[in-house]
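K.L.:
So that you have it, the file is target.cif, and it contains mmCIF, C-alpha atoms and all ligand atoms:
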```cif
data_input
loop_
_atom_site.label_atom_id
_atom_site.label_comp_id
_atom_site.auth_asym_id
_atom_site.auth_seq_id
_atom_site.Cartn_x
_atom_site.Cartn_y
_atom_site.Cartn_z
CA MET K 238 59.37 124.56 173.69
CA THR K 239 62.01 125.31 176.29
CA GLN K 240 64.96 127.43 175.25
CA ARG K 241 68.04 125.51 174.14
CA THR K 242 71.26 126.11 176.02
CA CYS K 243 74.86 126.32 174.89
CA LEU K 244 78.14 126.62 176.74
CA VAL K 245 80.89 128.54 174.91
CA VAL K 246 84.35 127.50 176.07
CA ASP K 247 87.30 129.61 174.94
CA ASP K 248 90.13 131.43 176.71
CA SER K 249 89.70 134.44 174.43
CA LEU K 250 87.05 136.91 175.57
CA VAL K 251 86.77 138.23 172.01
CA VAL K 252 86.01 134.78 170.62
CA ARG K 253 83.51 134.05 173.41
CA LYS K 254 81.66 137.30 172.71
CA ALA K 255 81.60 136.67 168.96
CA ALA K 256 80.37 133.09 169.42
CA ARG K 257 77.80 134.18 172.01
CA ARG K 258 76.35 136.76 169.65
CA ILE K 259 76.00 134.20 166.86
CA ILE K 260 74.54 131.44 169.04
CA GLU K 261 72.14 133.77 170.86
CA GLY K 262 71.04 134.78 167.38
CA PHE K 263 69.92 131.16 166.91
CA GLY K 264 67.75 131.48 170.02
CA PHE K 265 70.01 129.77 172.57
CA ALA K 266 70.65 130.80 176.16
CA VAL K 267 74.43 131.01 176.31
CA ARG K 268 76.87 130.59 179.19
CA GLU K 269 80.62 131.06 178.96
CA ALA K 270 83.67 129.32 180.40
CA LYS K 271 87.31 130.27 179.86
CA ASP K 272 88.90 126.84 180.28
CA GLY K 273 88.03 123.15 180.51
CA GLN K 274 87.79 123.10 184.28
CA GLU K 275 85.29 125.99 184.36
CA ALA K 276 83.39 124.21 181.60
CA LEU K 277 83.23 120.99 183.60
CA ASP K 278 81.97 122.90 186.65
CA ALA K 279 79.36 124.64 184.49
CA CYS K 280 78.20 121.28 183.09
CA ARG K 281 77.92 119.82 186.60
CA ALA K 282 75.85 122.80 187.70
CA GLN K 283 73.58 122.43 184.69
CA LEU K 284 74.11 120.30 181.61
CA PRO K 285 73.74 122.38 178.42
CA ASP K 286 72.36 121.04 175.13
CA GLY K 287 75.51 122.00 173.26
CA VAL K 288 79.12 122.94 173.94
CA LEU K 289 81.30 124.98 171.55
CA LEU K 290 84.78 124.02 172.62
CA ASP K 291 88.22 125.54 171.99
CA TRP K 292 91.21 123.19 172.06
CA ASN K 293 94.17 125.13 173.49
CA MET K 294 93.35 126.72 176.85
CA PRO K 295 95.17 127.12 180.18
CA VAL K 296 94.27 125.02 183.27
CA MET K 297 92.41 122.32 181.32
CA ASP K 298 92.48 122.07 177.52
CA GLY K 299 89.56 121.17 175.30
CA ILE K 300 90.44 117.55 174.58
CA THR K 301 90.83 116.83 178.30
CA PHE K 302 87.45 118.43 178.97
CA LEU K 303 85.96 116.42 176.11
CA ARG K 304 87.19 113.10 177.51
CA ALA K 305 86.08 114.00 181.03
CA ALA K 306 82.65 115.13 179.83
CA ARG K 307 82.11 111.96 177.83
CA ALA K 308 83.15 109.80 180.79
CA GLU K 309 80.87 111.69 183.15
CA PHE K 310 77.84 112.56 181.00
CA GLY K 311 77.83 109.87 178.31
CA PRO K 312 78.34 109.85 174.55
CA ASP K 313 75.40 111.93 173.27
CA HIS K 314 74.77 114.77 175.72
CA PRO K 315 75.78 117.47 175.54
CA ARG K 316 76.51 117.76 171.80
CA ILE K 317 80.13 118.92 171.63
CA VAL K 318 81.49 120.91 168.71
CA LEU K 319 85.21 121.70 168.67
CA CYS K 320 86.06 125.22 167.54
CA THR K 321 89.78 125.70 167.18
CA THR K 322 92.72 126.86 165.06
CA GLU K 323 93.96 123.24 165.18
CA ALA K 324 93.18 122.22 161.60
CA GLU K 325 95.32 119.11 161.08
CA ILE K 326 93.31 116.12 159.98
CA ALA K 327 95.03 114.07 162.72
CA ARG K 328 93.66 116.48 165.33
CA ILE K 329 90.17 116.29 163.87
CA ILE K 330 90.26 112.50 164.02
CA GLU K 331 91.58 112.65 167.59
CA ALA K 332 88.66 114.86 168.65
CA LEU K 333 86.09 112.71 166.87
CA SER K 334 87.39 109.54 168.47
CA ALA K 335 87.29 111.27 171.85
CA GLY K 336 83.58 111.82 171.27
CA ALA K 337 83.16 115.23 169.61
CA GLN K 338 80.18 115.40 167.25
CA GLU K 339 81.47 118.15 165.00
CA TYR K 340 84.52 120.27 164.36
CA VAL K 341 84.92 123.91 163.37
CA MET K 342 88.26 125.16 162.09
CA LYS K 343 88.75 128.81 162.98
CA PRO K 344 88.09 131.37 161.70
CA PHE K 345 84.34 130.75 161.80
CA ASP K 346 81.26 132.74 160.92
CA ALA K 347 77.53 132.44 161.63
CA ASP K 348 76.93 130.28 158.53
CA ILE K 349 79.48 127.69 159.59
CA ILE K 350 78.16 127.54 163.16
CA ARG K 351 74.60 127.22 161.86
CA ASP K 352 75.59 124.39 159.51
CA LYS K 353 77.47 122.50 162.23
CA PHE K 354 74.73 122.99 164.85
CA THR K 355 72.23 121.73 162.30
CA GLN K 356 74.33 118.66 161.57
CA VAL K 357 74.52 117.71 165.23
CA GLY K 358 70.80 118.28 165.74
CA LEU K 359 71.02 121.42 167.89
CA LEU K 360 69.17 123.34 165.19
CA GLU K 361 66.39 122.25 162.88
CA GLU K 362 66.97 122.20 159.14
CA VAL K 363 65.49 125.32 157.55
CA ALA K 364 62.78 124.20 155.15
CA MET E 80 78.24 153.31 129.73
CA THR E 81 75.61 154.37 127.21
CA PRO E 82 72.22 152.63 127.29
CA ASP E 83 73.05 151.40 123.81
CA SER E 84 76.22 149.66 125.02
CA PHE E 85 74.34 148.15 127.95
CA ASN E 86 71.62 146.79 125.71
CA PHE E 87 74.14 145.36 123.32
CA LEU E 88 76.18 143.65 126.05
CA ALA E 89 73.08 142.37 127.86
CA GLY E 90 71.71 141.06 124.56
CA LEU E 91 74.92 139.19 123.88
CA VAL E 92 74.91 137.63 127.37
CA LYS E 93 71.29 136.56 126.94
CA VAL E 94 71.87 134.95 123.53
CA ARG E 95 75.00 133.14 124.67
CA SER E 96 73.89 131.95 128.11
CA GLY E 97 70.23 132.69 128.73
CA ILE E 98 71.22 134.91 131.64
CA VAL E 99 69.00 137.98 131.80
CA LEU E 100 70.60 141.25 132.90
CA THR E 101 67.94 143.82 133.69
CA ALA E 102 68.67 147.53 133.26
CA ASP E 103 69.49 147.89 136.98
CA LYS E 104 72.46 145.49 136.56
CA GLY E 105 74.80 148.10 135.06
CA TYR E 106 76.78 148.13 138.30
CA MET E 107 77.22 144.38 138.01
CA LEU E 108 78.89 144.74 134.62
CA GLU E 109 81.20 147.36 136.12
CA THR E 110 82.25 145.27 139.09
CA ARG E 111 82.47 141.87 137.44
CA LEU E 112 84.16 142.85 134.20
CA GLY E 113 86.83 145.11 135.70
CA THR E 114 89.54 142.45 135.89
CA MET E 115 88.89 141.26 132.36
CA LEU E 116 88.92 144.81 130.96
CA ARG E 117 92.26 145.55 132.61
CA ARG E 118 93.75 142.27 131.39
CA GLU E 119 92.61 142.91 127.83
CA GLY E 120 93.61 146.58 127.96
CA ILE E 121 90.09 147.74 127.18
CA ALA E 122 89.26 151.23 128.44
CA GLY E 123 85.69 150.60 129.61
CA LEU E 124 82.32 149.05 128.87
CA ASP E 125 81.60 151.23 125.83
CA ALA E 126 84.97 150.22 124.39
CA LEU E 127 84.15 146.58 125.20
CA ALA E 128 80.85 146.85 123.34
CA LEU E 129 82.71 148.26 120.33
CA ARG E 130 85.24 145.42 120.39
CA LEU E 131 82.47 142.84 120.64
CA ARG E 132 80.62 144.31 117.67
CA ALA E 133 83.68 143.71 115.53
CA PRO E 134 84.31 140.33 113.89
CA ARG E 135 86.52 137.68 115.54
CA SER E 136 85.46 138.63 119.05
CA GLU E 137 84.26 135.14 119.91
CA ALA E 138 86.80 134.42 122.67
CA LEU E 139 86.26 137.79 124.29
CA ALA E 140 82.50 137.30 124.28
CA ALA E 141 82.87 133.90 125.93
CA GLU E 142 85.16 135.39 128.54
CA MET E 143 82.66 138.15 129.29
CA VAL E 144 79.80 135.69 129.74
CA GLU E 145 81.87 133.53 132.10
CA ALA E 146 82.73 136.57 134.17
CA LEU E 147 79.03 137.33 134.56
CA THR E 148 77.98 133.92 135.87
CA THR E 149 77.21 133.53 139.57
CA ASN E 150 79.04 130.46 140.80
CA GLU E 151 78.03 130.19 144.43
CA SER E 152 77.63 126.60 145.60
CA SER E 153 78.13 124.44 148.65
CA PHE E 154 78.27 120.79 149.64
CA PHE E 155 74.87 119.14 150.24
CA ARG E 156 73.21 122.45 149.41
CA ASP E 157 69.65 122.52 150.82
CA GLY E 158 70.10 119.01 152.27
CA LYS E 159 66.74 117.58 151.24
CA PRO E 160 67.53 116.57 147.64
CA PHE E 161 70.41 114.44 148.87
CA GLU E 162 68.23 112.74 151.47
CA HIS E 163 65.75 112.03 148.69
CA LEU E 164 68.54 110.72 146.45
CA LYS E 165 69.68 108.40 149.21
CA LYS E 166 66.27 106.73 149.21
CA LEU E 167 65.93 106.77 145.44
CA LEU E 168 69.27 105.25 144.40
CA PRO E 169 68.71 101.77 145.86
CA LYS E 170 65.34 101.61 144.05
CA LEU E 171 66.93 102.61 140.77
CA ALA E 172 69.75 100.12 141.33
CA ALA E 173 67.21 97.34 141.82
CA ALA E 174 65.20 98.35 138.76
CA ARG E 175 68.05 98.50 136.23
CA PRO E 176 69.27 95.52 134.22
CA PRO E 177 72.56 94.01 135.43
CA GLY E 178 75.68 95.87 134.36
CA GLN E 179 73.93 99.13 133.53
CA ALA E 180 75.37 102.10 135.42
CA ILE E 181 73.14 104.66 137.13
CA ARG E 182 73.79 107.99 135.40
CA ILE E 183 73.42 111.28 137.25
CA TRP E 184 73.82 114.74 135.74
CA SER E 185 74.87 117.80 137.68
CA ALA E 186 73.85 120.43 135.13
CA ALA E 187 75.38 123.83 135.99
CA CYS E 188 77.77 122.17 138.41
CA SER E 189 79.82 125.32 139.16
CA SER E 190 82.87 124.44 141.32
CA GLY E 191 81.75 120.82 141.72
CA GLN E 192 80.31 120.59 145.25
CA GLU E 193 76.98 119.28 143.97
CA ALA E 194 78.54 116.46 141.93
CA TYR E 195 80.84 115.46 144.79
CA SER E 196 77.92 115.49 147.23
CA ILE E 197 76.16 113.07 144.89
CA ALA E 198 79.29 110.88 144.77
CA ILE E 199 79.58 110.89 148.58
CA THR E 200 75.90 109.95 148.86
CA ALA E 201 76.32 107.05 146.44
CA VAL E 202 79.49 105.76 148.12
CA GLY E 203 77.79 106.03 151.51
CA LEU E 204 75.06 103.67 150.36
CA GLY E 205 77.63 100.91 149.91
CA ALA E 206 76.02 97.48 149.75
CA ALA E 207 72.53 98.96 149.28
CA LEU E 208 73.53 99.63 145.67
CA ALA E 209 74.51 96.00 145.19
CA GLY E 210 77.75 96.91 143.43
CA ARG E 211 75.95 99.08 140.89
CA ARG E 212 78.26 101.60 139.21
CA VAL E 213 77.25 105.25 139.51
CA GLU E 214 78.40 107.58 136.78
CA ILE E 215 78.19 111.33 137.42
CA VAL E 216 78.46 113.96 134.71
CA GLY E 217 79.20 117.53 135.81
CA THR E 218 78.68 120.27 133.24
CA ASP E 219 78.87 124.03 133.25
CA LEU E 220 79.27 126.92 130.87
CA SER E 221 82.27 128.23 132.75
CA GLN E 222 85.65 126.71 131.87
CA GLU E 223 87.16 128.22 134.98
CA MET E 224 84.56 126.51 137.19
CA LEU E 225 85.02 123.19 135.38
CA GLN E 226 88.75 123.40 136.02
CA ARG E 227 88.13 124.01 139.73
CA ALA E 228 85.61 121.19 139.86
CA ARG E 229 87.99 118.80 138.15
CA GLU E 230 90.78 119.58 140.62
CA GLY E 231 88.38 119.16 143.51
CA VAL E 232 90.39 121.42 145.81
CA TYR E 233 88.44 123.47 148.35
CA THR E 234 89.27 126.05 150.97
CA GLN E 235 88.82 125.46 154.68
CA PHE E 236 85.80 127.75 154.50
CA GLU E 237 84.19 125.81 151.64
CA VAL E 238 84.57 122.39 153.29
CA GLN E 239 82.87 123.67 156.42
CA ARG E 240 79.68 124.63 154.60
CA GLY E 241 77.20 121.75 154.46
CA LEU E 242 79.77 118.99 154.74
CA PRO E 243 79.68 116.91 157.95
CA VAL E 244 83.19 116.63 159.39
CA GLN E 245 83.02 112.81 159.30
CA MET E 246 82.68 113.02 155.52
CA LEU E 247 85.50 115.55 155.31
CA VAL E 248 87.82 113.21 157.14
CA LYS E 249 86.72 110.22 155.13
CA HIS E 250 86.62 111.61 151.60
CA PHE E 251 89.21 114.41 151.46
CA ARG E 252 92.99 114.73 151.61
CA GLN E 253 94.45 117.68 153.43
CA GLU E 254 97.01 119.89 151.68
CA GLY E 255 97.92 122.72 154.03
CA THR E 256 94.79 124.81 154.49
CA ARG E 257 93.15 123.25 151.44
CA TRP E 258 91.31 119.99 151.04
CA GLN E 259 91.21 117.82 147.94
CA VAL E 260 88.49 115.31 147.16
CA ALA E 261 89.85 111.75 147.30
CA PRO E 262 90.77 110.08 143.97
CA GLU E 263 88.04 107.39 144.29
CA LEU E 264 85.36 110.07 144.33
CA ARG E 265 86.95 112.15 141.61
CA ALA E 266 87.01 109.05 139.41
CA MET E 267 83.21 108.85 139.65
CA VAL E 268 82.66 112.19 137.94
CA CYS E 269 83.46 113.31 134.42
CA TRP E 270 83.46 117.01 133.69
CA GLN E 271 82.42 118.56 130.45
CA ALA E 272 81.62 122.00 129.09
CA PHE E 273 77.96 122.25 128.23
CA ASN E 274 75.65 125.18 127.63
CA LEU E 275 72.11 124.56 128.82
CA LEU E 276 70.83 126.43 125.77
CA ASP E 277 72.24 123.67 123.55
CA ASP E 278 70.66 120.34 122.70
CA PRO E 279 71.62 117.97 125.55
CA ARG E 280 70.88 114.72 123.74
CA GLY E 281 74.59 114.18 123.06
CA LEU E 282 75.08 113.70 126.81
CA GLY E 283 72.94 110.56 126.77
CA ARG E 284 70.06 109.61 129.04
CA PHE E 285 70.08 110.13 132.80
CA ASP E 286 68.40 108.48 135.75
CA VAL E 287 68.71 111.63 137.85
CA VAL E 288 69.27 115.27 136.94
CA PHE E 289 70.31 118.03 139.31
CA CYS E 290 69.56 121.39 137.67
CA ARG E 291 69.62 123.76 140.60
CA ASN E 292 70.03 127.48 141.04
CA VAL E 293 70.61 128.25 137.39
CA LEU E 294 67.09 128.58 135.92
CA ILE E 295 66.61 131.59 138.20
CA TYR E 296 68.86 133.59 135.87
CA PHE E 297 66.78 132.80 132.76
CA ASP E 298 63.54 134.25 131.36
CA ALA E 299 60.37 132.13 131.17
CA PRO E 300 60.70 130.95 127.55
CA THR E 301 64.29 129.83 128.19
CA LYS E 302 63.28 128.04 131.41
CA SER E 303 60.52 126.24 129.51
CA ARG E 304 62.90 125.10 126.81
CA VAL E 305 65.53 123.84 129.24
CA LEU E 306 62.95 122.03 131.38
CA ALA E 307 61.43 120.33 128.34
CA ALA E 308 64.90 119.20 127.25
CA LEU E 309 65.60 117.78 130.72
CA ALA E 310 62.27 115.95 130.70
CA SER E 311 63.19 114.30 127.41
CA LEU E 312 66.37 112.71 128.72
CA VAL E 313 65.40 111.66 132.26
CA ALA E 314 64.31 108.06 132.87
CA ALA E 315 60.61 107.41 133.44
CA ASP E 316 61.32 106.31 137.02
CA GLY E 317 64.01 108.96 137.56
CA VAL E 318 63.78 112.50 138.89
CA VAL E 319 64.88 116.07 138.25
CA TYR E 320 65.91 118.19 141.23
CA LEU E 321 65.44 121.96 140.97
CA GLY E 322 66.62 124.70 143.32
CA GLY E 323 64.53 126.08 146.18
CA ALA E 324 63.39 129.12 144.17
CA GLU E 325 62.66 127.19 140.98
CA THR E 326 59.55 125.44 139.73
CA VAL E 327 57.99 123.88 136.62
CA LEU E 328 54.62 125.53 137.25
CA GLY E 329 53.50 127.51 134.23
CA LEU E 330 56.69 126.56 132.38
CA THR E 331 56.27 122.99 131.23
CA ASP E 332 53.81 120.14 131.68
CA ARG E 333 56.42 117.56 130.79
CA LEU E 334 57.66 117.53 134.40
CA VAL E 335 55.38 117.23 137.41
CA PRO E 336 56.16 117.63 141.12
CA THR E 337 56.69 114.38 143.01
CA PRO E 338 53.83 114.30 145.54
CA GLY E 339 54.89 115.15 149.07
CA GLU E 340 58.37 116.37 148.09
CA ARG E 341 59.80 119.82 147.51
CA GLY E 342 62.05 120.51 144.56
CA VAL E 343 61.64 116.97 143.17
CA TYR E 344 60.08 116.50 139.75
CA GLU E 345 59.44 113.54 137.51
CA ALA E 346 58.57 113.09 133.86
CA ALA E 347 54.84 113.39 133.28
CA ARG E 348 53.21 110.26 131.91
CA PRO E 349 52.14 110.96 128.34
CA ALA E 350 48.45 110.44 129.18
CA ALA E 351 48.56 113.03 131.95
CA ARG E 352 49.91 115.67 129.63
CA THR E 353 47.52 118.32 128.50
CA GLY E 354 49.30 120.11 125.71
C1 LIG L 1 74.72 129.39 141.33
S1 LIG L 1 75.60 128.18 140.38
C2 LIG L 1 74.72 126.70 140.85
C3 LIG L 1 75.66 125.59 141.26
C4 LIG L 1 74.97 124.33 141.79
N1 LIG L 1 74.06 123.76 140.82
C5 LIG L 1 74.25 124.63 143.09
O1 LIG L 1 73.02 124.63 143.12
O2 LIG L 1 74.91 124.88 144.10
C6 LIG L 1 75.03 128.53 138.72
C7 LIG L 1 75.93 127.97 137.61
O3 LIG L 1 75.24 127.98 136.37
C8 LIG L 1 76.16 128.19 135.33
N2 LIG L 1 75.43 128.61 134.13
C9 LIG L 1 74.81 129.77 133.92
N3 LIG L 1 74.25 129.79 132.70
C10 LIG L 1 74.52 128.58 132.14
C11 LIG L 1 74.20 127.98 130.89
N4 LIG L 1 73.49 128.63 129.94
N5 LIG L 1 74.65 126.73 130.66
C12 LIG L 1 75.35 126.06 131.60
N6 LIG L 1 75.67 126.57 132.78
C13 LIG L 1 75.26 127.83 133.06
C14 LIG L 1 77.11 129.20 135.90
O4 LIG L 1 78.37 129.17 135.25
C15 LIG L 1 77.19 128.78 137.39
O5 LIG L 1 78.33 127.99 137.62
#
```
As structure tokens, how would this structure be written, given the file I've shared?

P.N.:
Amino acid sequence: MTQRTCLVVDDSLVVRKAARRIIEGFGFAVREAKDGQEALDACRAQLPDGVLLDWNMPVMDGITFLRAARAEFGPDHPRIVLCTTEAEIARIIEALSAGAQEYVMKPFDADIIRDKFTQVGLLEEVA
Amino acid sequence: MTPDSFNFLAGLVKVRSGIVLTADKGYMLETRLGTMLRREGIAGLDALALRLRAPRSEALAAEMVEALTTNESSFFRDGKPFEHLKKLLPKLAAARPPGQAIRIWSAACSSGQEAYSIAITAVGLGAALAGRRVEIVGTDLSQEMLQRAREGVYTQFEVQRGLPVQMLVKHFRQEGTRWQVAPELRAMVCWQAFNLLDDPRGLGRFDVVFCRNVLIYFDAPTKSRVLAALASLVAADGVVYLGGAETVLGLTDRLVPTPGERGVYEAARPAARTG
């Protein structure tokens, strides 16, 4: 089996490092981007299996990246999981209708990321 | 705490709830009973044991037992049972006479996630249940947990464990950083105090029983008794779901594993029973 890949998109270095540690712990090869534009470039260079995506970032925000990625790469790949302090139900619905598969409200921990990655099919259910 | 006090307290917990506290659980009494001791103005565990030996200590004993329960739960815990339920419910709906509700019991329901996961599963089946009413009964020993379950209010952390975000958006109302289960779902569940050591026949018969992650706290004779009681009130074509670390093996022959499934048990046919 080839190693799964994940792109972590967040303007905070601390959050990227924390997310990287968790996701590498699940066996993924992880790349990082600090805004939507970098993320788009990274996807064009090589499409990851999953994207963990912050909402509020400079240059290009998460929702703009999400719409661009869906237009360019289609509805199913990569799996995109929002990961943001935006916790209003209206925001969640907005992200889902823009094509996000899952949504994490910060703060997060390894259990939440594992659950969400499992729900979107990036991880197998533990028997 | 003297060994005598420990034995007395542990004995009381066992008689009242079935929960076994082994001698290495002294620390657990210390940590979990601290709040209660302060509230009641009781100096320590030896003093508590003294108070509980005296007459009219019923309420205090109940409070102690509640404080010693482990209430961890999550939505769609372990996943598989709910996938199984999703396939089972339409069959049960087709097999029941018209007008008869499907009854599901979440025994040891804790803060309610299990019962609400059942409700979400049933609602999600929609037309596949052909309008069949589903009635869910959630019971627990802990009044505090029942109160939480009844309110159906969960933290942001709790709603992110096991619950797909689509279901969160569909079945919950947001109140600040908390999320409350929608009224339609809450109306499907009735909550009731029930001790698994008591005779459950008053609860009626059930098509499906969830009894998960509670037998682990009991000794073998207690497990056997509870399992036999569950077997006696589950429908012949229904099932009992147990937790991942629980089994009927060596405990009862009145329930048998459903072939090819994990954690799913059905009532043994009388002929297949050996003893
Ligand atoms: C770990 S929770 C399990 C919750 C849920 N069934 C699940 O699997 O997520 C165990 C629950 O069993 C309850 N409990 C313990 N002893 C009990 C008894 N004798 N009768 C009824 N409930 C009991 C506790 O109060 C606690 O809420």

K.L.:
With a distance threshold of 7 Å and counting only C-alpha atoms, extract the residues of chain E near chain K and express them as an MDAnalysis selection string.

P.N.:
chainID E and resid 239:241 243:244 248 253

K.L.:
Taking only C-alpha atoms and all ligand atoms into account, list the residues no farther than 9 Å from ligand LIG 1 (chain L), as a PyMOL selection string.

P.N.:
chain E and resi 93+95-98+144-157+185-194+218-225+272-277+289-297+321-322

K.L.:
What does the structure give for the distance between CA of Cys280 in chain K and CA of Thr322 in chain K, in Å to one decimal?

P.N.:
23.8 Å

K.L.:
Could you tell me how far CA of Lys302 in chain E sits from CA of Leu100 in chain E, in Å to one decimal place?

P.N.:
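Distance reported for this atom pair: 15.2 Å.
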
K.L.:
Calculate how many Å separate CA of Ala255 in chain K from CA of Thr234 in chain E, rounding to one decimal.

P.N.:
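Spanning CA of Ala255 in chain K to CA of Thr234 in chain E is a straight-line distance of 22.3 Å.
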
K.L.:
Choose the residue, out of K:Cys243, K:Met297, K:Val318, K:Ile259, that has the smallest atom-to-atom separation from Gln283 in chain K; count only C-alpha atoms.

P.N.:
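Closest candidate: K:Cys243.
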
K.L.:
Skipping near chain neighbours, those fewer than 6 positions away, what residues fall within 9 Å of Glu230 in chain E using all atoms listed in the file, listed as a PyMOL selection string?

P.N.:
chain E and resi 259-260+265

K.L.:
Nearest to Glu275 in chain K: which of K:Ala337, K:Val246, K:Ala308, K:Ala347 is it, counting only C-alpha atoms?

P.N.:
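Ranked by minimum distance to Glu275 in chain K, first place goes to K:Val246.
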
K.L.:
Got a sec: who's within 12 Å of Gln274 in chain K, counting all atoms listed in the file, leaving out chain neighbours fewer than 6 positions off, as a list in words?

P.N.:
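Contacts, with the query itself left out: Val246, Asp247, Asp248, Cys280, Arg281, Met294, Pro295, Val296, Met297, Asp298, Gly299, Ile300, Thr301, Phe302, Leu303, Ala305 and Ala306 of chain K.
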
K.L.:
Write the residues of the selection above to a file with C-alpha atoms, as an mmCIF file, in the frame of the given file.

P.N.:
```cif
data_model
loop_
_atom_site.group_PDB
_atom_site.id
_atom_site.type_symbol
_atom_site.label_atom_id
_atom_site.label_comp_id
_atom_site.auth_asym_id
_atom_site.auth_seq_id
_atom_site.Cartn_x
_atom_site.Cartn_y
_atom_site.Cartn_z
ATOM 1 C CA VAL K 246 84.350 127.500 176.070
ATOM 2 C CA ASP K 247 87.300 129.610 174.940
ATOM 3 C CA ASP K 248 90.130 131.430 176.710
ATOM 4 C CA CYS K 280 78.200 121.280 183.090
ATOM 5 C CA ARG K 281 77.920 119.820 186.600
ATOM 6 C CA MET K 294 93.350 126.720 176.850
ATOM 7 C CA PRO K 295 95.170 127.120 180.180
ATOM 8 C CA VAL K 296 94.270 125.020 183.270
ATOM 9 C CA MET K 297 92.410 122.320 181.320
ATOM 10 C CA ASP K 298 92.480 122.070 177.520
ATOM 11 C CA GLY K 299 89.560 121.170 175.300
ATOM 12 C CA ILE K 300 90.440 117.550 174.580
ATOM 13 C CA THR K 301 90.830 116.830 178.300
ATOM 14 C CA PHE K 302 87.450 118.430 178.970
ATOM 15 C CA LEU K 303 85.960 116.420 176.110
ATOM 16 C CA ALA K 305 86.080 114.000 181.030
ATOM 17 C CA ALA K 306 82.650 115.130 179.830
#
```

K.L.:
Which residue gives the smallest distance to Asp286 in chain K among K:Gly336, K:Gly273, K:Gly262, K:Pro315, with all atoms listed in the file counted?

P.N.:
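For Asp286 in chain K, the nearest of the candidates is K:Pro315.
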
K.L.:
Find, counting all atoms listed in the file, the residue in K:Val267, K:Pro312, K:Val252, K:Arg304 that gets nearest to Asp291 in chain K.

P.N.:
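Distance minimum relative to Asp291 in chain K lands on K:Val252.
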
K.L.:
Need to verify the contact set: Asn86 in chain E, 12 Å, all atoms listed in the file, exclusion of same-chain residues closer than 6 positions in sequence. Can you return it as a PyMOL selection string?

P.N.:
chain E and resi 80+92-93+99-105+108+124-125+128

K.L.:
Looking at only C-alpha atoms, which of K:Ser334, K:Leu244, K:Phe354, K:Thr321 is the one that sits closest to Asp278 in chain K?

P.N.:
K:Leu244
